[in-house]
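**Q** Just passing along the structure, written as structure tokens.
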Amino acid sequence: MQTTTRDDLLLRTAGGEDTASLVELLGTAYRDEPRMASLLPDRTHRESRLRKLFPLLLSNDHSTEIAVADGRPQAAAVWERPGGQAPALGQRLAHLPALLSVFRWRLRDTARAIQTFNATDSHRPDEPHWHLFALATAPQARGGGIARALLESGLARADTHDTPVYLETTAHAGVAHFERFGFRVIHEFPIAGGLTAYGMWRPARR
């Protein structure tokens, strides 16, 4: 993504100097996301634990684009590049001490989280694609179309390289929202908390 401006926003690729504010943004934005709420039911401490969890989920295969205002990210789109390898069970287990800390050393809750992440990874299509891992907007910036701008930027990049895009959502509203951008549900599968995850696919558009 090249650096662009939109009104008073700066849209650019995130760098190492953005890591702390990015993790803070993701923790806040995903505080009430159904999957995370199921894995971390204690809402009082959920946000702080999410800020510990997201660094364990992100990898070098991820590329993050952010919308910056007043020097801080207001929205972010985290993408996994085509050909990126979803973490295997062994890689998840390598993070086990840190994961146990996030889940307050409760082995059952930690195992449930690993099972949820692995179930999601195992349903990824084999065809090379861009994977939209996370799309987050700070609460005070919602409704302004910032996340849409980041999503459209990523989709345009995928189209330029003739590459499809894949994502998951756990809400019917999310399905309807992404259908407007050309995605369609290709499968659904159960995850923790009695939720259903919907895998959505968007072919490249020339």
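Identifiers in this document derive from the order of the structure tokens: chains are assigned A, B, ..., residues are numbered from 1 separately in each chain, and ligands are numbered from 1 in order of occurrence.
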Extract, using only C-alpha atoms, all DNA, RNA and protein residues at most 9 Å from Pro34 of chain A, discarding same-chain residues fewer than 2 positions from it, and format them as a PDB file with N, CA and C atoms, in the first residue's frame.

**A**
```
ATOM      1  N   TYR A  30     -11.660  -5.327  19.229  1.00  0.00           N
ATOM      2  CA  TYR A  30     -12.173  -6.700  19.281  1.00  0.00           C
ATOM      3  C   TYR A  30     -12.720  -7.081  20.657  1.00  0.00           C
ATOM      4  N   ARG A  31     -12.899  -6.096  21.520  1.00  0.00           N
ATOM      5  CA  ARG A  31     -13.371  -6.377  22.880  1.00  0.00           C
ATOM      6  C   ARG A  31     -14.738  -7.066  22.875  1.00  0.00           C
ATOM      7  N   ASP A  32     -15.611  -6.688  21.947  1.00  0.00           N
ATOM      8  CA  ASP A  32     -16.952  -7.265  21.926  1.00  0.00           C
ATOM      9  C   ASP A  32     -17.183  -8.168  20.712  1.00  0.00           C
ATOM     10  N   MET A  36     -13.945 -13.562  20.365  1.00  0.00           N
ATOM     11  CA  MET A  36     -13.075 -13.191  21.474  1.00  0.00           C
ATOM     12  C   MET A  36     -13.850 -13.120  22.785  1.00  0.00           C
ATOM     13  N   ALA A  37     -15.109 -12.685  22.701  1.00  0.00           N
ATOM     14  CA  ALA A  37     -15.935 -12.645  23.911  1.00  0.00           C
ATOM     15  C   ALA A  37     -16.183 -14.045  24.444  1.00  0.00           C
ATOM     16  N   SER A  38     -16.289 -15.017  23.540  1.00  0.00           N
ATOM     17  CA  SER A  38     -16.493 -16.403  23.968  1.00  0.00           C
ATOM     18  C   SER A  38     -15.237 -16.961  24.628  1.00  0.00           C
ATOM     19  N   LEU A  39     -14.078 -16.662  24.050  1.00  0.00           N
ATOM     20  CA  LEU A  39     -12.827 -17.183  24.602  1.00  0.00           C
ATOM     21  C   LEU A  39     -12.436 -16.478  25.894  1.00  0.00           C
ATOM     22  N   THR A 170     -18.071 -14.193  12.189  1.00  0.00           N
ATOM     23  CA  THR A 170     -18.926 -15.017  13.048  1.00  0.00           C
ATOM     24  C   THR A 170     -20.328 -14.448  13.175  1.00  0.00           C
ATOM     25  N   ALA A 171     -20.629 -13.414  12.412  1.00  0.00           N
ATOM     26  CA  ALA A 171     -21.935 -12.760  12.545  1.00  0.00           C
ATOM     27  C   ALA A 171     -22.653 -12.709  11.199  1.00  0.00           C
ATOM     28  N   GLY A 193     -17.871 -21.711  22.062  1.00  0.00           N
ATOM     29  CA  GLY A 193     -18.993 -20.899  22.510  1.00  0.00           C
ATOM     30  C   GLY A 193     -20.275 -21.128  21.746  1.00  0.00           C
ATOM     31  N   LEU A 195     -20.605 -20.882  18.613  1.00  0.00           N
ATOM     32  CA  LEU A 195     -20.646 -19.959  17.476  1.00  0.00           C
ATOM     33  C   LEU A 195     -20.421 -20.706  16.164  1.00  0.00           C
TER      34      LEU A 195
END
```

**Q** Determine the nearest neighbour of Arg205 of chain A from the options A:Ala77, A:Ala149, A:Ala156, A:Ile186, counting only C-alpha atoms.

**A** A:Ala156

**Q** Apply DSSP to the structure's backbone, then extract all residues of segment 8-98 of chain A labelled strand (DSSP E or B) and return them as a PDB file with N, CA and C atoms, in the first residue's frame.

**A**
```pdb
ATOM      1  N   LEU A   9      -7.009  11.996   7.249  1.00  0.00           N
ATOM      2  CA  LEU A   9      -6.413  10.706   7.569  1.00  0.00           C
ATOM      3  C   LEU A   9      -5.222  10.425   6.675  1.00  0.00           C
ATOM      4  N   LEU A  10      -4.265   9.704   7.229  1.00  0.00           N
ATOM      5  CA  LEU A  10      -3.128   9.203   6.474  1.00  0.00           C
ATOM      6  C   LEU A  10      -3.249   7.687   6.427  1.00  0.00           C
ATOM      7  N   LEU A  11      -3.341   7.127   5.223  1.00  0.00           N
ATOM      8  CA  LEU A  11      -3.417   5.680   5.051  1.00  0.00           C
ATOM      9  C   LEU A  11      -2.040   5.185   4.641  1.00  0.00           C
ATOM     10  N   ARG A  12      -1.479   4.255   5.419  1.00  0.00           N
ATOM     11  CA  ARG A  12      -0.128   3.785   5.127  1.00  0.00           C
ATOM     12  C   ARG A  12       0.097   2.392   5.706  1.00  0.00           C
ATOM     13  N   THR A  13       1.205   1.796   5.286  1.00  0.00           N
ATOM     14  CA  THR A  13       1.610   0.502   5.824  1.00  0.00           C
ATOM     15  C   THR A  13       2.203   0.700   7.217  1.00  0.00           C
ATOM     16  N   HIS A  62       2.196 -11.435   8.056  1.00  0.00           N
ATOM     17  CA  HIS A  62       1.135 -10.440   8.065  1.00  0.00           C
ATOM     18  C   HIS A  62       1.652  -9.087   7.596  1.00  0.00           C
ATOM     19  N   SER A  63       0.818  -8.412   6.844  1.00  0.00           N
ATOM     20  CA  SER A  63       1.086  -7.042   6.415  1.00  0.00           C
ATOM     21  C   SER A  63      -0.080  -6.189   6.894  1.00  0.00           C
ATOM     22  N   THR A  64       0.222  -5.108   7.591  1.00  0.00           N
ATOM     23  CA  THR A  64      -0.837  -4.308   8.200  1.00  0.00           C
ATOM     24  C   THR A  64      -0.870  -2.911   7.611  1.00  0.00           C
ATOM     25  N   GLU A  65      -2.067  -2.478   7.254  1.00  0.00           N
ATOM     26  CA  GLU A  65      -2.288  -1.133   6.752  1.00  0.00           C
ATOM     27  C   GLU A  65      -3.117  -0.387   7.780  1.00  0.00           C
ATOM     28  N   ILE A  66      -2.759   0.848   8.046  1.00  0.00           N
ATOM     29  CA  ILE A  66      -3.434   1.614   9.094  1.00  0.00           C
ATOM     30  C   ILE A  66      -3.892   2.971   8.560  1.00  0.00           C
ATOM     31  N   ALA A  67      -4.926   3.481   9.208  1.00  0.00           N
ATOM     32  CA  ALA A  67      -5.402   4.841   8.962  1.00  0.00           C
ATOM     33  C   ALA A  67      -5.050   5.664  10.191  1.00  0.00           C
ATOM     34  N   VAL A  68      -4.240   6.697  10.006  1.00  0.00           N
ATOM     35  CA  VAL A  68      -3.698   7.472  11.121  1.00  0.00           C
ATOM     36  C   VAL A  68      -4.309   8.875  11.158  1.00  0.00           C
ATOM     37  N   ALA A  69      -4.705   9.290  12.354  1.00  0.00           N
ATOM     38  CA  ALA A  69      -5.169  10.655  12.592  1.00  0.00           C
ATOM     39  C   ALA A  69      -4.608  11.110  13.927  1.00  0.00           C
ATOM     40  N   ARG A  72      -2.082   8.750  15.680  1.00  0.00           N
ATOM     41  CA  ARG A  72      -2.407   7.426  16.208  1.00  0.00           C
ATOM     42  C   ARG A  72      -3.284   6.671  15.209  1.00  0.00           C
ATOM     43  N   PRO A  73      -3.105   5.334  15.116  1.00  0.00           N
ATOM     44  CA  PRO A  73      -3.964   4.542  14.237  1.00  0.00           C
ATOM     45  C   PRO A  73      -5.419   4.596  14.691  1.00  0.00           C
ATOM     46  N   GLN A  74      -6.308   4.893  13.765  1.00  0.00           N
ATOM     47  CA  GLN A  74      -7.737   4.895  14.046  1.00  0.00           C
ATOM     48  C   GLN A  74      -8.427   3.655  13.488  1.00  0.00           C
ATOM     49  N   ALA A  75      -7.770   2.988  12.546  1.00  0.00           N
ATOM     50  CA  ALA A  75      -8.296   1.748  11.975  1.00  0.00           C
ATOM     51  C   ALA A  75      -7.130   0.964  11.408  1.00  0.00           C
ATOM     52  N   ALA A  76      -7.328  -0.339  11.281  1.00  0.00           N
ATOM     53  CA  ALA A  76      -6.261  -1.199  10.768  1.00  0.00           C
ATOM     54  C   ALA A  76      -6.851  -2.373  10.006  1.00  0.00           C
ATOM     55  N   ALA A  77      -6.166  -2.770   8.951  1.00  0.00           N
ATOM     56  CA  ALA A  77      -6.493  -3.993   8.218  1.00  0.00           C
ATOM     57  C   ALA A  77      -5.252  -4.864   8.233  1.00  0.00           C
ATOM     58  N   VAL A  78      -5.357  -6.038   8.840  1.00  0.00           N
ATOM     59  CA  VAL A  78      -4.229  -6.962   8.950  1.00  0.00           C
ATOM     60  C   VAL A  78      -4.422  -8.071   7.921  1.00  0.00           C
ATOM     61  N   TRP A  79      -3.476  -8.186   7.011  1.00  0.00           N
ATOM     62  CA  TRP A  79      -3.566  -9.145   5.917  1.00  0.00           C
ATOM     63  C   TRP A  79      -2.449 -10.171   6.021  1.00  0.00           C
ATOM     64  N   GLU A  80      -2.783 -11.413   5.704  1.00  0.00           N
ATOM     65  CA  GLU A  80      -1.752 -12.429   5.535  1.00  0.00           C
ATOM     66  C   GLU A  80      -1.486 -12.592   4.049  1.00  0.00           C
TER      67      GLU A  80
END
```

**Q** Any idea what's packed within 6 Å of segment 45-49 of chain A, counting only C-alpha atoms, ignoring anything in its chain fewer than 3 positions away? Could you give it as a list in words?

**A**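 Counting only C-alpha atoms, the residues come to Gly27, Thr28, Arg31, Leu40, Asp42, Lys52 and Val102 of chain A.
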
**Q** Please produce a file of the residues just selected, as a PDB file, in the first residue's frame, where the atoms kept are all heavy atoms.

**A**
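Listing of out_6.pdb after writing:
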```pdb
ATOM      1  N   GLY A  27      -6.944  -4.646  20.517  1.00  0.00           N
ATOM      2  CA  GLY A  27      -7.539  -5.061  21.782  1.00  0.00           C
ATOM      3  C   GLY A  27      -8.844  -4.349  22.067  1.00  0.00           C
ATOM      4  O   GLY A  27      -9.818  -4.953  22.531  1.00  0.00           O
ATOM      5  N   THR A  28      -8.878  -3.050  21.769  1.00  0.00           N
ATOM      6  CA  THR A  28     -10.096  -2.267  21.998  1.00  0.00           C
ATOM      7  C   THR A  28     -11.182  -2.626  20.996  1.00  0.00           C
ATOM      8  O   THR A  28     -12.341  -2.837  21.353  1.00  0.00           O
ATOM      9  CB  THR A  28      -9.784  -0.764  21.902  1.00  0.00           C
ATOM     10  OG1 THR A  28      -8.802  -0.418  22.873  1.00  0.00           O
ATOM     11  CG2 THR A  28     -11.037   0.069  22.143  1.00  0.00           C
ATOM     12  N   ARG A  31     -12.899  -6.096  21.520  1.00  0.00           N
ATOM     13  CA  ARG A  31     -13.371  -6.377  22.880  1.00  0.00           C
ATOM     14  C   ARG A  31     -14.738  -7.066  22.875  1.00  0.00           C
ATOM     15  O   ARG A  31     -15.002  -7.941  23.704  1.00  0.00           O
ATOM     16  CB  ARG A  31     -13.456  -5.062  23.656  1.00  0.00           C
ATOM     17  CG  ARG A  31     -13.943  -5.198  25.097  1.00  0.00           C
ATOM     18  CD  ARG A  31     -13.935  -3.830  25.757  1.00  0.00           C
ATOM     19  NE  ARG A  31     -14.709  -2.875  24.980  1.00  0.00           N
ATOM     20  CZ  ARG A  31     -14.503  -1.555  24.990  1.00  0.00           C
ATOM     21  NH1 ARG A  31     -13.523  -1.046  25.707  1.00  0.00           N
ATOM     22  NH2 ARG A  31     -15.271  -0.760  24.264  1.00  0.00           N
ATOM     23  N   LEU A  40     -12.805 -15.195  26.015  1.00  0.00           N
ATOM     24  CA  LEU A  40     -12.455 -14.399  27.193  1.00  0.00           C
ATOM     25  C   LEU A  40     -13.738 -13.791  27.764  1.00  0.00           C
ATOM     26  O   LEU A  40     -14.032 -12.610  27.567  1.00  0.00           O
ATOM     27  CB  LEU A  40     -11.459 -13.295  26.815  1.00  0.00           C
ATOM     28  CG  LEU A  40     -10.087 -13.780  26.337  1.00  0.00           C
ATOM     29  CD1 LEU A  40      -9.338 -12.655  25.622  1.00  0.00           C
ATOM     30  CD2 LEU A  40      -9.266 -14.292  27.518  1.00  0.00           C
ATOM     31  N   ASP A  42     -14.720 -12.816  30.661  1.00  0.00           N
ATOM     32  CA  ASP A  42     -14.617 -11.758  31.671  1.00  0.00           C
ATOM     33  C   ASP A  42     -14.377 -10.422  30.960  1.00  0.00           C
ATOM     34  O   ASP A  42     -13.258 -10.081  30.607  1.00  0.00           O
ATOM     35  CB  ASP A  42     -13.466 -12.062  32.634  1.00  0.00           C
ATOM     36  CG  ASP A  42     -13.334 -11.003  33.725  1.00  0.00           C
ATOM     37  OD1 ASP A  42     -14.130 -10.042  33.748  1.00  0.00           O
ATOM     38  OD2 ASP A  42     -12.408 -11.136  34.554  1.00  0.00           O
ATOM     39  N   LYS A  52      -2.459  -8.774  25.010  1.00  0.00           N
ATOM     40  CA  LYS A  52      -1.404  -9.780  25.158  1.00  0.00           C
ATOM     41  C   LYS A  52      -1.558 -10.897  24.124  1.00  0.00           C
ATOM     42  O   LYS A  52      -0.571 -11.507  23.727  1.00  0.00           O
ATOM     43  CB  LYS A  52      -1.444 -10.381  26.569  1.00  0.00           C
ATOM     44  CG  LYS A  52      -1.121  -9.400  27.680  1.00  0.00           C
ATOM     45  CD  LYS A  52      -1.198 -10.090  29.039  1.00  0.00           C
ATOM     46  CE  LYS A  52      -0.873  -9.132  30.169  1.00  0.00           C
ATOM     47  NZ  LYS A  52      -0.972  -9.810  31.503  1.00  0.00           N
ATOM     48  N   VAL A 102      -2.266 -15.477  29.219  1.00  0.00           N
ATOM     49  CA  VAL A 102      -3.437 -14.733  28.744  1.00  0.00           C
ATOM     50  C   VAL A 102      -4.707 -15.297  29.350  1.00  0.00           C
ATOM     51  O   VAL A 102      -5.613 -14.555  29.764  1.00  0.00           O
ATOM     52  CB  VAL A 102      -3.518 -14.778  27.200  1.00  0.00           C
ATOM     53  CG1 VAL A 102      -4.858 -14.219  26.713  1.00  0.00           C
ATOM     54  CG2 VAL A 102      -2.363 -14.011  26.579  1.00  0.00           C
TER      55      VAL A 102
END
```

**Q** Find the residue from A:Asp162, A:Leu50, A:Ala134, A:Tyr198 that sits nearest to Gly174 of chain A; use only C-alpha atoms when measuring.

**A** A:Tyr198

**Q** Give me, please, the distance in Å between atom CA of Ser101 of chain A and atom CA of Pro41 of chain A, quoted to one decimal.

**A**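 Going from atom CA of Ser101 of chain A over to atom CA of Pro41 of chain A, I get 15.4 Å.
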
**Q** I'd like the contact shell of Ala29 of chain A - 7 Å cut-off, only C-alpha atoms, skipping same-chain residues fewer than 4 positions apart - returned as JSON, numbers by chain.

**A** {"A": [25, 136, 137, 138, 139]}

**Q** Write out as an MDAnalysis selection string the set of residues from segment 26-117 of chain A that DSSP, computed on the backbone, places in alpha helix (DSSP H).

**A** chainID A and resid 26:29 34:39 43:57 89:94 96:102 107:117

**Q** Based on the selection just made, write N, CA and C atoms of those residues as a short mmCIF file (atom, residue, chain, number, x, y, z; two decimals), in the first residue's frame.

**A**
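Resulting contents of again09.cif:
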```cif
data_model
loop_
_atom_site.label_atom_id
_atom_site.label_comp_id
_atom_site.auth_asym_id
_atom_site.auth_seq_id
_atom_site.Cartn_x
_atom_site.Cartn_y
_atom_site.Cartn_z
N LEU A 26 -6.28 -3.06 18.29
CA LEU A 26 -6.91 -4.36 18.10
C LEU A 26 -7.60 -4.84 19.37
N GLY A 27 -6.94 -4.65 20.52
CA GLY A 27 -7.54 -5.06 21.78
C GLY A 27 -8.84 -4.35 22.07
N THR A 28 -8.88 -3.05 21.77
CA THR A 28 -10.10 -2.27 22.00
C THR A 28 -11.18 -2.63 21.00
N ALA A 29 -10.81 -2.72 19.72
CA ALA A 29 -11.79 -2.95 18.67
C ALA A 29 -12.43 -4.33 18.76
N PRO A 34 -17.68 -11.50 18.87
CA PRO A 34 -18.24 -12.72 19.48
C PRO A 34 -17.22 -13.81 19.77
N ARG A 35 -16.29 -14.05 18.86
CA ARG A 35 -15.31 -15.11 19.07
C ARG A 35 -14.43 -14.80 20.27
N MET A 36 -13.95 -13.56 20.36
CA MET A 36 -13.07 -13.19 21.47
C MET A 36 -13.85 -13.12 22.78
N ALA A 37 -15.11 -12.69 22.70
CA ALA A 37 -15.94 -12.65 23.91
C ALA A 37 -16.18 -14.05 24.44
N SER A 38 -16.29 -15.02 23.54
CA SER A 38 -16.49 -16.40 23.97
C SER A 38 -15.24 -16.96 24.63
N LEU A 39 -14.08 -16.66 24.05
CA LEU A 39 -12.83 -17.18 24.60
C LEU A 39 -12.44 -16.48 25.89
N ARG A 43 -15.45 -9.66 30.76
CA ARG A 43 -15.34 -8.42 29.99
C ARG A 43 -14.46 -7.38 30.67
N THR A 44 -14.40 -7.41 32.00
CA THR A 44 -13.62 -6.42 32.74
C THR A 44 -12.15 -6.45 32.33
N HIS A 45 -11.61 -7.66 32.14
CA HIS A 45 -10.19 -7.79 31.82
C HIS A 45 -9.94 -8.22 30.37
N ARG A 46 -11.02 -8.31 29.59
CA ARG A 46 -10.86 -8.83 28.23
C ARG A 46 -9.94 -7.98 27.37
N GLU A 47 -10.11 -6.69 27.43
CA GLU A 47 -9.30 -5.82 26.57
C GLU A 47 -7.81 -5.95 26.87
N SER A 48 -7.45 -5.96 28.14
CA SER A 48 -6.03 -6.06 28.49
C SER A 48 -5.47 -7.41 28.07
N ARG A 49 -6.28 -8.47 28.14
CA ARG A 49 -5.80 -9.79 27.74
C ARG A 49 -5.69 -9.90 26.22
N LEU A 50 -6.59 -9.22 25.51
CA LEU A 50 -6.49 -9.21 24.06
C LEU A 50 -5.21 -8.53 23.60
N ARG A 51 -4.77 -7.54 24.34
CA ARG A 51 -3.53 -6.85 23.98
C ARG A 51 -2.32 -7.76 24.18
N LYS A 52 -2.46 -8.77 25.01
CA LYS A 52 -1.40 -9.78 25.16
C LYS A 52 -1.56 -10.90 24.12
N LEU A 53 -2.81 -11.14 23.72
CA LEU A 53 -3.07 -12.24 22.80
C LEU A 53 -2.69 -11.91 21.36
N PHE A 54 -3.01 -10.71 20.89
CA PHE A 54 -2.79 -10.40 19.49
C PHE A 54 -1.33 -10.50 19.06
N PRO A 55 -0.36 -10.09 19.87
CA PRO A 55 1.04 -10.29 19.42
C PRO A 55 1.39 -11.75 19.19
N LEU A 56 0.70 -12.67 19.87
CA LEU A 56 0.96 -14.10 19.67
C LEU A 56 0.32 -14.60 18.39
N LEU A 57 -0.71 -13.92 17.91
CA LEU A 57 -1.42 -14.35 16.71
C LEU A 57 -0.82 -13.77 15.44
N LEU A 89 -0.02 -26.65 14.76
CA LEU A 89 -0.25 -26.90 16.19
C LEU A 89 1.05 -26.74 16.97
N GLY A 90 2.15 -27.22 16.40
CA GLY A 90 3.42 -27.11 17.10
C GLY A 90 3.81 -25.67 17.37
N GLN A 91 3.52 -24.79 16.40
CA GLN A 91 3.83 -23.37 16.59
C GLN A 91 2.94 -22.78 17.67
N ARG A 92 1.67 -23.21 17.70
CA ARG A 92 0.79 -22.74 18.77
C ARG A 92 1.34 -23.17 20.13
N LEU A 93 1.77 -24.42 20.21
CA LEU A 93 2.28 -24.93 21.48
C LEU A 93 3.55 -24.21 21.91
N ALA A 94 4.31 -23.71 20.95
CA ALA A 94 5.52 -22.96 21.29
C ALA A 94 5.17 -21.70 22.08
N LEU A 96 2.73 -21.67 24.20
CA LEU A 96 1.87 -22.13 25.28
C LEU A 96 2.05 -21.35 26.59
N PRO A 97 3.28 -21.11 27.06
CA PRO A 97 3.39 -20.35 28.32
C PRO A 97 2.73 -18.97 28.23
N ALA A 98 2.94 -18.27 27.10
CA ALA A 98 2.33 -16.95 26.95
C ALA A 98 0.81 -17.05 26.86
N LEU A 99 0.33 -18.08 26.14
CA LEU A 99 -1.12 -18.28 26.03
C LEU A 99 -1.73 -18.61 27.38
N LEU A 100 -1.05 -19.45 28.13
CA LEU A 100 -1.54 -19.78 29.47
C LEU A 100 -1.66 -18.52 30.33
N SER A 101 -0.72 -17.62 30.18
CA SER A 101 -0.76 -16.37 30.93
C SER A 101 -1.98 -15.54 30.53
N VAL A 102 -2.27 -15.48 29.22
CA VAL A 102 -3.44 -14.73 28.74
C VAL A 102 -4.71 -15.30 29.35
N LEU A 107 -5.77 -24.33 31.91
CA LEU A 107 -5.42 -25.19 30.80
C LEU A 107 -6.61 -25.45 29.88
N ARG A 108 -7.79 -25.66 30.44
CA ARG A 108 -8.96 -25.94 29.61
C ARG A 108 -9.29 -24.76 28.70
N ASP A 109 -9.25 -23.53 29.25
CA ASP A 109 -9.55 -22.35 28.44
C ASP A 109 -8.49 -22.14 27.37
N THR A 110 -7.23 -22.40 27.73
CA THR A 110 -6.14 -22.25 26.76
C THR A 110 -6.28 -23.26 25.63
N ALA A 111 -6.60 -24.51 25.99
CA ALA A 111 -6.78 -25.56 24.97
C ALA A 111 -7.94 -25.22 24.05
N ARG A 112 -9.00 -24.65 24.60
CA ARG A 112 -10.16 -24.27 23.79
C ARG A 112 -9.79 -23.18 22.79
N ALA A 113 -8.95 -22.24 23.25
CA ALA A 113 -8.51 -21.18 22.34
C ALA A 113 -7.66 -21.74 21.20
N ILE A 114 -6.72 -22.63 21.55
CA ILE A 114 -5.87 -23.24 20.52
C ILE A 114 -6.73 -24.01 19.53
N GLN A 115 -7.71 -24.73 20.03
CA GLN A 115 -8.60 -25.50 19.16
C GLN A 115 -9.37 -24.57 18.21
N THR A 116 -9.80 -23.43 18.73
CA THR A 116 -10.54 -22.47 17.91
C THR A 116 -9.65 -21.90 16.81
N PHE A 117 -8.42 -21.51 17.16
CA PHE A 117 -7.52 -20.94 16.16
C PHE A 117 -7.14 -21.98 15.11
#
```

**Q** Smallest atom-to-atom distance to Thr196 of chain A: which of A:Glu179, A:Thr160, A:Thr120, A:Pro128, using only C-alpha atoms?

**A**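 Looking only at the distances to Thr196 of chain A, the closest residue turns out to be A:Thr120.
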
**Q** Go through A:His187, A:Arg106, A:Arg148, A:Arg81 and flag the residue nearest Leu132 of chain A, using only C-alpha atoms for the distances.

**A**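 Nearest candidate to Leu132 of chain A out of A:His187, A:Arg106, A:Arg148, A:Arg81: A:Arg81.
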
**Q** I'd like the neighbourhood of Gly83 of chain A as a VMD selection string, where a residue qualifies if any of its atoms comes within 10 Å (using only C-alpha atoms), though same-chain residues fewer than 3 positions away should be ignored.

**A** chain A and resid 61 80 86 126 to 131

**Q** Using only C-alpha atoms, which of the listed residues (A:Ala197, A:Leu151, A:Ala158, A:Ala141) sits closest to Phe181 of chain A?

**A** A:Leu151

**Q** When distances are computed from only C-alpha atoms, which of A:Ile191, A:Asp18, A:Pro125, A:Val185 shows the smallest separation from Pro82 of chain A?

**A**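 Distance minimum relative to Pro82 of chain A lands on A:Pro125.
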
**Q** What is the distance between atom CA of Ala192 of chain A and atom CA of Ser21 of chain A, in Å to one decimal?

**A**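 The value is 28.3 Å.
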